[in-house]
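Pasting start09.txt here (compact mmCIF, C-alpha atoms):
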```
# COMPACT_ATOMS: atom_id res chain seq x y z
CA MET A 1 -0.58 -13.69 -29.99
CA SER A 2 1.36 -13.25 -33.24
CA ASN A 3 3.49 -10.33 -31.99
CA LEU A 4 4.23 -11.79 -28.58
CA PRO A 5 7.49 -13.39 -27.46
CA PHE A 6 5.69 -16.70 -26.82
CA THR A 7 3.15 -18.95 -28.45
CA LYS A 8 -0.07 -20.16 -26.91
CA ASN A 9 1.35 -23.67 -26.70
CA ASP A 10 4.42 -22.67 -24.68
CA ARG A 11 4.20 -23.99 -21.13
CA ILE A 12 4.65 -22.22 -17.83
CA ASN A 13 4.78 -23.89 -14.44
CA LEU A 14 4.08 -21.50 -11.58
CA SER A 15 2.70 -24.18 -9.26
CA THR A 16 5.73 -24.10 -6.95
CA ALA A 17 6.49 -20.40 -7.31
CA GLU A 18 5.98 -18.26 -4.23
CA VAL A 19 4.12 -15.16 -5.40
CA LEU A 20 3.37 -12.21 -3.15
CA LEU A 21 0.50 -9.93 -4.19
CA ALA A 22 0.08 -6.62 -2.37
CA CYS A 23 -2.73 -4.13 -2.97
CA GLY A 24 -4.48 -1.70 -0.63
CA ASP A 25 -7.86 -2.19 -2.29
CA PRO A 26 -9.64 -5.50 -1.41
CA GLU A 27 -11.30 -5.81 -4.83
CA GLY A 28 -8.07 -5.02 -6.63
CA LEU A 29 -6.31 -7.66 -4.55
CA ASN A 30 -9.02 -10.19 -5.32
CA ILE A 31 -8.71 -9.55 -9.07
CA LEU A 32 -4.94 -10.06 -8.88
CA SER A 33 -5.41 -13.22 -6.83
CA GLN A 34 -7.86 -14.69 -9.34
CA MET A 35 -5.50 -13.86 -12.19
CA PHE A 36 -2.49 -15.56 -10.63
CA GLN A 37 -4.46 -18.61 -9.53
CA GLY A 38 -5.61 -18.86 -13.14
CA PHE A 39 -1.94 -18.74 -14.16
CA GLY A 40 -1.37 -21.79 -11.96
CA VAL A 41 0.01 -20.23 -8.78
CA HIS A 42 -1.16 -22.49 -5.96
CA THR A 43 -1.58 -20.15 -3.04
CA PRO A 44 -0.47 -16.60 -3.67
CA LYS A 45 0.37 -14.70 -0.49
CA LEU A 46 -2.09 -11.82 -0.27
CA CYS A 47 -1.18 -8.62 1.56
CA SER A 48 -3.62 -5.75 1.93
CA ASN A 49 -1.05 -3.25 3.19
CA GLY A 50 2.63 -2.51 3.23
CA ALA A 51 3.21 -3.70 6.79
CA ASP A 52 1.81 -7.16 5.96
CA ALA A 53 3.95 -7.29 2.84
CA LYS A 54 7.08 -6.51 4.84
CA VAL A 55 6.26 -9.28 7.33
CA ALA A 56 5.70 -11.74 4.47
CA VAL A 57 9.04 -10.85 2.89
CA GLN A 58 10.77 -11.48 6.22
CA ALA A 59 8.98 -14.80 6.81
CA ARG A 60 9.34 -16.69 3.52
CA THR A 61 11.22 -16.87 0.27
CA VAL A 62 9.35 -15.19 -2.57
CA ASN A 63 10.01 -15.64 -6.28
CA LEU A 64 7.81 -12.86 -7.65
CA ILE A 65 6.26 -9.78 -6.07
CA VAL A 66 3.38 -7.87 -7.63
CA VAL A 67 2.66 -4.64 -5.79
CA ASP A 68 0.11 -1.91 -6.32
CA ALA A 69 1.27 1.69 -6.03
CA THR A 70 -1.40 2.24 -3.35
CA LEU A 71 -1.02 0.04 -0.28
CA GLY A 72 -3.09 1.99 2.23
CA ASP A 73 -0.42 2.50 4.87
CA MET A 74 2.36 3.34 2.40
CA GLU A 75 3.01 3.73 -1.29
CA GLY A 76 4.15 0.75 -3.35
CA TYR A 77 7.24 2.74 -4.34
CA ASP A 78 8.31 3.00 -0.70
CA PHE A 79 7.76 -0.72 -0.15
CA ILE A 80 10.01 -1.55 -3.11
CA HIS A 81 12.60 0.96 -1.90
CA TRP A 82 12.61 -0.84 1.47
CA LEU A 83 12.67 -4.29 -0.13
CA ARG A 84 15.71 -3.57 -2.29
CA ARG A 85 17.69 -2.37 0.74
CA CYS A 86 16.43 -4.82 3.38
CA ASP A 87 19.30 -7.30 2.91
CA ILE A 88 16.91 -10.25 3.12
CA ALA A 89 18.40 -12.44 0.41
CA PRO A 90 17.18 -13.75 -1.96
CA ASN A 91 13.95 -11.75 -1.54
CA CYS A 92 15.64 -8.39 -1.96
CA TYR A 93 16.64 -9.49 -5.51
CA ALA A 94 13.20 -10.91 -6.42
CA PRO A 95 11.52 -9.59 -9.56
CA VAL A 96 8.93 -6.93 -8.76
CA ILE A 97 6.06 -5.76 -10.95
CA LEU A 98 4.66 -2.41 -9.85
CA ILE A 99 1.07 -1.65 -10.88
CA THR A 100 0.00 1.98 -11.04
CA GLY A 101 -3.37 3.63 -11.49
CA HIS A 102 -3.46 7.41 -11.70
CA THR A 103 0.13 8.46 -12.12
CA ARG A 104 1.42 11.89 -11.18
CA PRO A 105 4.37 13.16 -13.22
CA SER A 106 6.65 12.92 -10.19
CA GLN A 107 5.70 9.26 -9.76
CA ILE A 108 7.02 8.33 -13.19
CA PHE A 109 10.56 8.99 -11.97
CA LYS A 110 9.76 7.50 -8.57
CA GLY A 111 8.67 4.28 -10.25
CA ARG A 112 11.81 4.16 -12.37
CA ASP A 113 14.05 4.77 -9.39
CA SER A 114 12.25 2.56 -6.85
CA GLY A 115 13.92 -0.61 -8.11
CA ALA A 116 10.88 -2.25 -9.72
CA SER A 117 11.60 -4.71 -12.53
CA PHE A 118 8.54 -3.46 -14.41
CA VAL A 119 6.00 -0.68 -14.00
CA VAL A 120 2.62 -1.51 -15.53
CA ARG A 121 -0.30 0.89 -15.79
CA LYS A 122 -3.88 -0.21 -15.07
CA PRO A 123 -5.91 -1.80 -16.43
CA VAL A 124 -3.72 -4.90 -16.50
CA PRO A 125 -5.49 -7.73 -18.36
CA PRO A 126 -4.11 -11.28 -17.99
CA LEU A 127 -2.38 -11.12 -21.38
CA VAL A 128 -0.37 -8.03 -20.42
CA MET A 129 0.58 -9.53 -17.06
CA MET A 130 1.63 -12.77 -18.75
CA GLN A 131 3.79 -10.83 -21.22
CA ARG A 132 5.64 -9.20 -18.34
CA ILE A 133 6.07 -12.49 -16.51
CA MET A 134 7.42 -14.20 -19.63
CA TRP A 135 9.89 -11.36 -20.05
CA LEU A 136 11.00 -11.71 -16.44
CA LEU A 137 11.57 -15.46 -16.87
CA ASN A 138 14.28 -14.61 -19.39
CA ASP A 139 15.59 -11.53 -17.60
CA THR A 140 19.36 -11.64 -17.41
CA ARG A 141 19.88 -8.09 -16.21
CA GLN A 142 22.45 -7.64 -13.48
CA PHE A 143 21.57 -6.22 -10.09
CA VAL A 144 22.87 -2.81 -9.05
CA THR A 145 23.39 -1.59 -5.50
CA SER A 146 24.54 1.97 -5.00
CA PRO A 147 23.84 4.79 -2.57
CA ASP A 148 21.26 6.22 -4.99
CA TYR A 149 19.71 3.12 -6.52
CA CYS A 150 19.14 -0.55 -5.72
CA GLY A 151 17.47 -2.81 -8.24
CA PRO A 152 17.85 -4.44 -11.62
CA ASP A 153 20.06 -2.64 -14.10
CA ARG A 154 17.83 0.01 -15.70
CA ARG A 155 19.72 -0.30 -18.98
CA VAL A 156 17.61 -2.89 -20.78
CA LYS A 157 19.54 -2.50 -24.04
CA ALA A 158 23.32 -2.96 -24.16
CA LEU A 159 24.20 0.11 -26.21
CA GLY A 160 27.32 1.01 -24.28
CA PRO A 161 28.05 4.36 -22.63
CA PRO A 162 26.90 7.62 -24.25
CA VAL A 163 29.15 9.01 -27.01
CA GLY A 164 32.15 10.84 -25.56
CA MET A 165 31.86 9.21 -22.13
CA LYS A 166 34.13 6.55 -20.75
CA GLY A 167 31.47 4.45 -19.03
CA ARG A 168 31.26 3.45 -15.40
CA ARG A 169 31.18 -0.35 -15.66
CA HIS A 170 34.11 -2.70 -16.16
CA ASP A 171 32.36 -4.21 -19.18
CA ASP A 172 31.51 -0.90 -20.85
CA LEU A 173 33.25 -0.84 -24.21
CA SER A 174 34.83 2.28 -25.63
CA ALA A 175 33.12 3.91 -28.58
CA ASP A 176 36.55 4.42 -30.23
CA VAL A 177 37.40 1.68 -32.70
CA GLY A 178 41.05 0.78 -33.04
CA ALA A 179 42.99 0.27 -36.26
CA ALA A 180 42.53 -3.00 -38.13
CA THR A 181 45.09 -5.66 -37.21
CA THR A 182 44.38 -8.07 -40.08
CA PRO A 183 43.64 -7.56 -43.80
CA ASN A 184 40.06 -6.96 -44.89
CA LEU A 185 38.09 -10.02 -46.00
CA GLU A 186 37.72 -10.59 -49.74
CA GLN A 187 34.16 -10.43 -51.12
CA ASP A 188 34.02 -14.18 -51.75
CA GLU A 189 35.05 -14.78 -48.16
CA ILE A 190 32.21 -12.53 -46.99
CA ASP A 191 29.80 -14.30 -49.35
CA ALA A 192 30.87 -17.61 -47.93
CA LEU A 193 29.81 -16.49 -44.48
CA PHE A 194 26.25 -16.01 -45.75
CA SER A 195 25.89 -19.18 -47.81
CA PRO A 196 26.83 -22.13 -45.63
CA LYS A 197 27.35 -25.37 -47.52
CA ALA A 198 27.07 -28.92 -46.35
CA VAL A 199 30.44 -30.46 -45.57
CA THR A 200 31.07 -33.96 -46.88
CA ARG A 201 33.75 -36.07 -45.28
CA MET B 1 35.12 10.90 2.56
CA SER B 2 34.59 9.31 -0.85
CA LYS B 3 31.18 8.15 -1.94
CA PRO B 4 30.71 4.35 -1.74
CA LYS B 5 30.95 2.78 -5.19
CA ALA B 6 28.15 1.01 -6.99
CA GLN B 7 28.22 -2.76 -7.09
CA VAL B 8 26.93 -4.65 -10.11
CA PHE B 9 26.46 -8.40 -9.92
CA ALA B 10 24.47 -11.25 -11.40
CA VAL B 11 21.58 -12.81 -9.50
CA GLU B 12 20.02 -16.20 -10.12
CA ASN B 13 16.68 -16.07 -11.92
CA GLU B 14 14.85 -18.50 -9.64
CA LEU B 15 11.46 -17.64 -11.11
CA GLY B 16 12.69 -18.62 -14.55
CA ARG B 17 14.07 -21.93 -13.24
CA LEU B 18 10.82 -22.85 -11.48
CA ALA B 19 8.60 -21.86 -14.40
CA ARG B 20 10.53 -24.17 -16.74
CA GLU B 21 10.06 -27.26 -14.59
CA PRO B 22 7.96 -30.01 -16.18
CA GLY B 23 4.21 -29.73 -15.72
CA GLY B 24 2.24 -26.53 -15.42
CA ARG B 25 -0.09 -25.39 -18.16
CA THR B 26 0.09 -23.89 -21.61
CA ILE B 27 0.01 -20.12 -21.92
CA ASP B 28 -3.33 -20.46 -23.65
CA GLN B 29 -4.79 -22.45 -20.75
CA ALA B 30 -3.30 -20.07 -18.18
CA LEU B 31 -4.78 -17.02 -19.91
CA ARG B 32 -8.20 -18.62 -20.35
CA GLN B 33 -8.35 -19.75 -16.73
CA ALA B 34 -7.26 -16.32 -15.48
CA GLU B 35 -9.92 -14.64 -17.61
CA GLN B 36 -12.60 -17.06 -16.40
CA ARG B 37 -11.68 -16.54 -12.76
CA ILE B 38 -11.70 -12.76 -13.11
CA GLU B 39 -15.03 -12.93 -14.91
CA ALA B 40 -16.40 -14.93 -11.96
CA VAL B 41 -15.80 -11.98 -9.62
CA ARG B 42 -17.16 -9.35 -12.02
CA ASP B 43 -20.57 -8.95 -10.33
CA VAL B 44 -19.24 -8.69 -6.79
CA SER B 45 -16.51 -6.28 -7.90
CA ILE B 46 -18.91 -4.02 -9.78
CA ALA B 47 -21.30 -4.08 -6.82
CA SER B 48 -18.45 -2.84 -4.63
CA LEU B 49 -18.07 0.23 -6.85
CA ALA B 50 -21.42 1.63 -5.72
CA GLU B 51 -20.30 1.21 -2.10
CA LYS B 52 -16.99 2.89 -2.82
CA ALA B 53 -18.80 5.77 -4.53
CA ASP B 54 -20.95 6.26 -1.42
CA GLN B 55 -17.80 6.22 0.72
CA LEU B 56 -16.33 8.80 -1.65
CA ALA B 57 -19.29 11.13 -1.08
CA ALA B 58 -19.00 10.75 2.70
CA LEU B 59 -15.26 11.32 2.57
CA ALA B 60 -15.65 14.42 0.40
CA ALA B 61 -18.18 15.84 2.88
CA ALA B 62 -15.85 15.12 5.81
CA THR B 63 -12.89 16.66 3.98
CA ARG B 64 -14.94 19.75 3.25
CA ALA B 65 -15.87 19.99 6.95
CA ASP B 66 -12.18 19.54 7.79
CA SER B 67 -12.95 16.43 9.86
CA ALA B 68 -11.22 13.83 7.67
CA PRO B 69 -7.65 13.24 8.89
CA GLY B 70 -6.47 11.91 5.52
CA GLY B 71 -8.18 14.71 3.62
CA PHE B 72 -7.57 14.79 -0.10
CA GLY B 73 -4.97 12.03 0.20
CA ASP B 74 -7.68 9.53 1.17
CA LEU B 75 -10.03 10.93 -1.46
CA TYR B 76 -7.29 10.40 -4.03
CA ASP B 77 -6.67 6.80 -2.92
CA LEU B 78 -10.37 5.90 -2.97
CA SER B 79 -10.90 7.47 -6.37
CA ASN B 80 -7.81 5.63 -7.61
CA SER B 81 -9.19 2.29 -6.40
CA ILE B 82 -12.51 3.01 -8.16
CA PHE B 83 -10.51 3.66 -11.33
CA GLY B 84 -8.62 0.37 -10.93
CA VAL B 85 -11.69 -1.84 -10.54
CA ALA B 86 -13.76 0.02 -13.16
CA ALA B 87 -10.96 -0.19 -15.71
CA SER B 88 -10.46 -3.91 -15.03
CA PHE B 89 -14.04 -4.62 -16.05
CA GLY B 90 -14.23 -2.26 -19.00
CA LEU B 91 -16.37 0.41 -17.31
CA LYS B 92 -14.60 3.16 -19.23
CA PRO B 93 -16.85 6.13 -18.36
CA LEU B 94 -16.57 5.42 -14.63
CA ALA B 95 -12.82 4.89 -14.95
CA GLU B 96 -12.43 8.22 -16.76
CA ALA B 97 -14.52 10.08 -14.16
CA ALA B 98 -12.51 8.55 -11.29
CA LEU B 99 -9.23 9.43 -12.99
CA SER B 100 -10.40 13.01 -13.42
CA LEU B 101 -11.20 13.24 -9.70
CA CYS B 102 -7.71 11.85 -8.98
CA ASP B 103 -6.29 14.81 -10.90
CA LEU B 104 -8.29 17.25 -8.78
CA ALA B 105 -7.57 15.55 -5.45
CA ASP B 106 -3.88 15.32 -6.29
CA ASN B 107 -3.84 19.04 -6.99
CA TYR B 108 -5.58 19.92 -3.73
CA ARG B 109 -3.82 17.60 -1.35
CA ASN B 110 -0.72 19.76 -1.27
CA GLY B 111 -2.63 22.69 0.17
CA GLU B 112 -4.06 24.34 -2.94
CA PRO B 113 -7.46 25.91 -2.15
CA ALA B 114 -10.08 23.39 -3.25
CA ASN B 115 -12.73 24.16 -5.82
CA TRP B 116 -15.58 22.35 -4.07
CA PRO B 117 -18.21 22.68 -6.82
CA ALA B 118 -15.74 20.89 -9.13
CA VAL B 119 -15.18 18.14 -6.57
CA ASP B 120 -18.91 17.79 -5.93
CA VAL B 121 -19.81 17.43 -9.59
CA HIS B 122 -17.19 14.69 -9.95
CA VAL B 123 -18.44 12.83 -6.87
CA ASP B 124 -22.04 13.05 -8.13
CA GLY B 125 -21.02 11.83 -11.59
CA ILE B 126 -19.04 8.92 -10.14
CA ARG B 127 -21.95 7.92 -7.89
CA LEU B 128 -24.36 7.92 -10.81
CA LEU B 129 -22.04 5.96 -13.09
CA ALA B 130 -21.20 3.48 -10.32
CA MET B 131 -24.88 2.94 -9.54
CA LEU B 132 -25.63 2.27 -13.20
CA GLY B 133 -22.62 -0.03 -13.52
CA GLN B 134 -22.71 -1.90 -16.82
CA ARG B 135 -26.06 -0.27 -17.70
CA ALA B 136 -24.34 3.10 -18.17
CA GLY B 137 -24.53 3.26 -21.95
CA ALA B 138 -22.91 5.97 -24.06
CA ALA B 139 -26.14 7.99 -24.20
CA VAL B 140 -26.12 8.38 -20.43
CA ALA B 141 -22.39 8.44 -19.80
CA GLU B 142 -21.21 10.81 -22.52
CA PRO B 143 -23.06 13.95 -21.27
CA ILE B 144 -21.74 13.29 -17.75
CA LEU B 145 -18.17 12.87 -18.99
CA GLU B 146 -18.42 15.91 -21.25
CA GLY B 147 -19.45 17.98 -18.23
CA LEU B 148 -16.59 16.60 -16.13
CA ARG B 149 -14.06 17.25 -18.90
CA LYS B 150 -15.16 20.90 -19.10
CA VAL B 151 -14.98 21.32 -15.34
CA ARG B 152 -11.57 19.73 -15.18
CA ALA B 153 -10.25 21.85 -18.04
CA ARG B 154 -11.47 25.00 -16.30
CA VAL B 155 -10.11 24.06 -12.88
CA LEU B 156 -6.80 22.53 -14.00
CA PRO B 157 -6.09 24.29 -17.29
CA ALA B 158 -2.33 23.72 -17.29
CA THR B 159 -2.35 19.91 -16.98
```
Now that the file is in, can you turn its structure into structure tokens?
Amino acid sequence: MSNLPFTKNDRINLSTAEVLLACGDPEGLNILSQMFQGFGVHTPKLCSNGADAKVAVQARTVNLIVVDATLGDMEGYDFIHWLRRCDIAPNCYAPVILITGHTRPSQIFKGRDSGASFVVRKPVPPLVMMQRIMWLLNDTRQFVTSPDYCGPDRRVKALGPPVGMKGRRHDDLSADVGAATTPNLEQDEIDALFSPKAVTR
Amino acid sequence: MSKPKAQVFAVENELGRLAREPGGRTIDQALRQAEQRIEAVRDVSIASLAEKADQLAALAAATRADSAPGGFGDLYDLSNSIFGVAASFGLKPLAEAALSLCDLADNYRNGEPANWPAVDVHVDGIRLLAMLGQRAGAAVAEPILEGLRKVRARVLPAT
């Protein structure tokens, strides 16, 4: 686990989290269920099709949704599209992990635009799923609602607007840097910033 | 009429709050328990693959006879679910064969004329690999996969 954003001794408590698992294949759903029960989720809500998943979202508060791209009666992408626009708060803002198997080129964009927090390709071993969950626990991305897209901000990195563009958000900073308003720091002042010394009173 | 503007706002990370409550288990324990539980359903899951492969053969025959309402869409979904379970338990040859059939079914479900010999050879290969399950060693699996790769390359050269 040396390259992971957590150590094996970090703790996670999912015992009170409401987790909804949706997959059109019974064996796939069972594998997901076993995985999340192993993670400590008490009773994950299991849905074998999109209609069941919609009913579950309307009936209870959910904290995490894991949905397969194939739900039998609909595609996982369409379920997420519905979820993000259903106005059932707080469920419509819940983190969603979309699991895909065979992926057509057109589905890559569909996955990106559906509003999923993460798209993960099968096979998804427990370590990969845990990595995504740990990332979601620290996710501070804002939520976007617009005519064309509803879901977490797709800009994971805060790099500002593209060069030459003004930006569409109130917190987008201009790429143009203004003139200095104070004198440059002296080298010893810069050095002092990098070599903190104990202060005695 | 002007287009409605986008709204951007913060939402509370309830999952993060719950997961940090006292108790729970270490990541190491959680991963080990998840792996153990998945391992416990390995046999039943792998046994289901042979059943799915038989369903695949029946579905392919019905699609060919034009009596399957879902047609190649259902064939695609079933092949995709075989891929998912096979890949979860490390049955790489079966996963590769199922993925290759997904490519074909995806190509044909939009009305392209189907190359049935290519579909049949995939279904037969998947049935054989699913029946062998974990006993499908490289010596058996590799010639099957090599044949499927050649068929796929001939039928779908551009992808």
Exercise for review: Using all atoms listed in the file, pick whichever of A:Ile108, A:Cys150, A:Val120, A:Ile12 has the shortest atom-to-atom distance to chain B.
Suggested key: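 Smallest distance to chain B is found for A:Ile12.
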Residues of chain A at most 6 Å from chain B: nearest atom pair and distance in Å, all atoms listed in the file, as JSON lines:
```
{"residue": "A:Lys8", "atom": "CA", "partner": "B:Asp28", "partner_atom": "CA", "distance": 4.6}
{"residue": "A:Asn9", "atom": "CA", "partner": "B:Thr26", "partner_atom": "CA", "distance": 5.2}
{"residue": "A:Asp10", "atom": "CA", "partner": "B:Thr26", "partner_atom": "CA", "distance": 5.4}
{"residue": "A:Arg11", "atom": "CA", "partner": "B:Thr26", "partner_atom": "CA", "distance": 4.1}
{"residue": "A:Ile12", "atom": "CA", "partner": "B:Ala19", "partner_atom": "CA", "distance": 5.2}
{"residue": "A:Asn13", "atom": "CA", "partner": "B:Gly24", "partner_atom": "CA", "distance": 3.8}
{"residue": "A:Leu14", "atom": "CA", "partner": "B:Ala19", "partner_atom": "CA", "distance": 5.3}
{"residue": "A:Ile31", "atom": "CA", "partner": "B:Ile38", "partner_atom": "CA", "distance": 6.0}
{"residue": "A:Gln34", "atom": "CA", "partner": "B:Arg37", "partner_atom": "CA", "distance": 5.5}
{"residue": "A:Met35", "atom": "CA", "partner": "B:Ala34", "partner_atom": "CA", "distance": 4.5}
{"residue": "A:Gly38", "atom": "CA", "partner": "B:Ala34", "partner_atom": "CA", "distance": 3.8}
{"residue": "A:Phe39", "atom": "CA", "partner": "B:Ala30", "partner_atom": "CA", "distance": 4.4}
{"residue": "A:Asn63", "atom": "CA", "partner": "B:Leu15", "partner_atom": "CA", "distance": 5.4}
{"residue": "A:Pro123", "atom": "CA", "partner": "B:Ser88", "partner_atom": "CA", "distance": 5.2}
{"residue": "A:Leu137", "atom": "CA", "partner": "B:Gly16", "partner_atom": "CA", "distance": 4.1}
{"residue": "A:Gln142", "atom": "CA", "partner": "B:Ala10", "partner_atom": "CA", "distance": 4.6}
{"residue": "A:Phe143", "atom": "CA", "partner": "B:Phe9", "partner_atom": "CA", "distance": 5.4}
{"residue": "A:Val144", "atom": "CA", "partner": "B:Val8", "partner_atom": "CA", "distance": 4.6}
{"residue": "A:Thr145", "atom": "CA", "partner": "B:Gln7", "partner_atom": "CA", "distance": 5.2}
{"residue": "A:Ser146", "atom": "CA", "partner": "B:Ala6", "partner_atom": "CA", "distance": 4.2}
```
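Our summary of the geometry notes that CA of Gln37 in chain A is positioned 20.9 Å from CA of Arg121 in chain A.
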Exercise for review: May I ask which of the residues B:Arg109, B:His122, B:Lys92, B:Arg64 is the closest one to Glu142 in chain B, counting all atoms listed in the file?
Suggested key: B:Lys92
Exercise for review: Have a look at CA of Gly72 in chain A and CA of Gly24 in chain A and let me know their distance in Å, one decimal.
Suggested key: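 Interatomic distance here is 4.9 Å.
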**Study point:** Selection near Ala89 in chain A, 10 Å with all atoms listed in the file, sequence-local residues under 2 positions removed, as a PyMOL selection string
**Key:** chain A and resi 57-58+61-62+83-84+86-87+91-94
Point to revise | Two-atom distance - CA of Asn110 in chain B, CA of Gly73 in chain B (Å) | key: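 So the two atoms, CA of Asn110 in chain B and CA of Gly73 in chain B, lie 8.9 Å apart.
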**Study point:** Selection near range 126-130 of chain B, 6 Å with all atoms listed in the file, sequence-local residues under 5 positions removed, as a list of chain:residue names
**Key:** B:Leu49, B:Ala50, B:Ala53, B:Leu94
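The closest residue to Thr100 in chain A, picked from A:Leu136, A:Cys23, A:Leu127, A:Ala56 and counting all atoms listed in the file, is A:Cys23.
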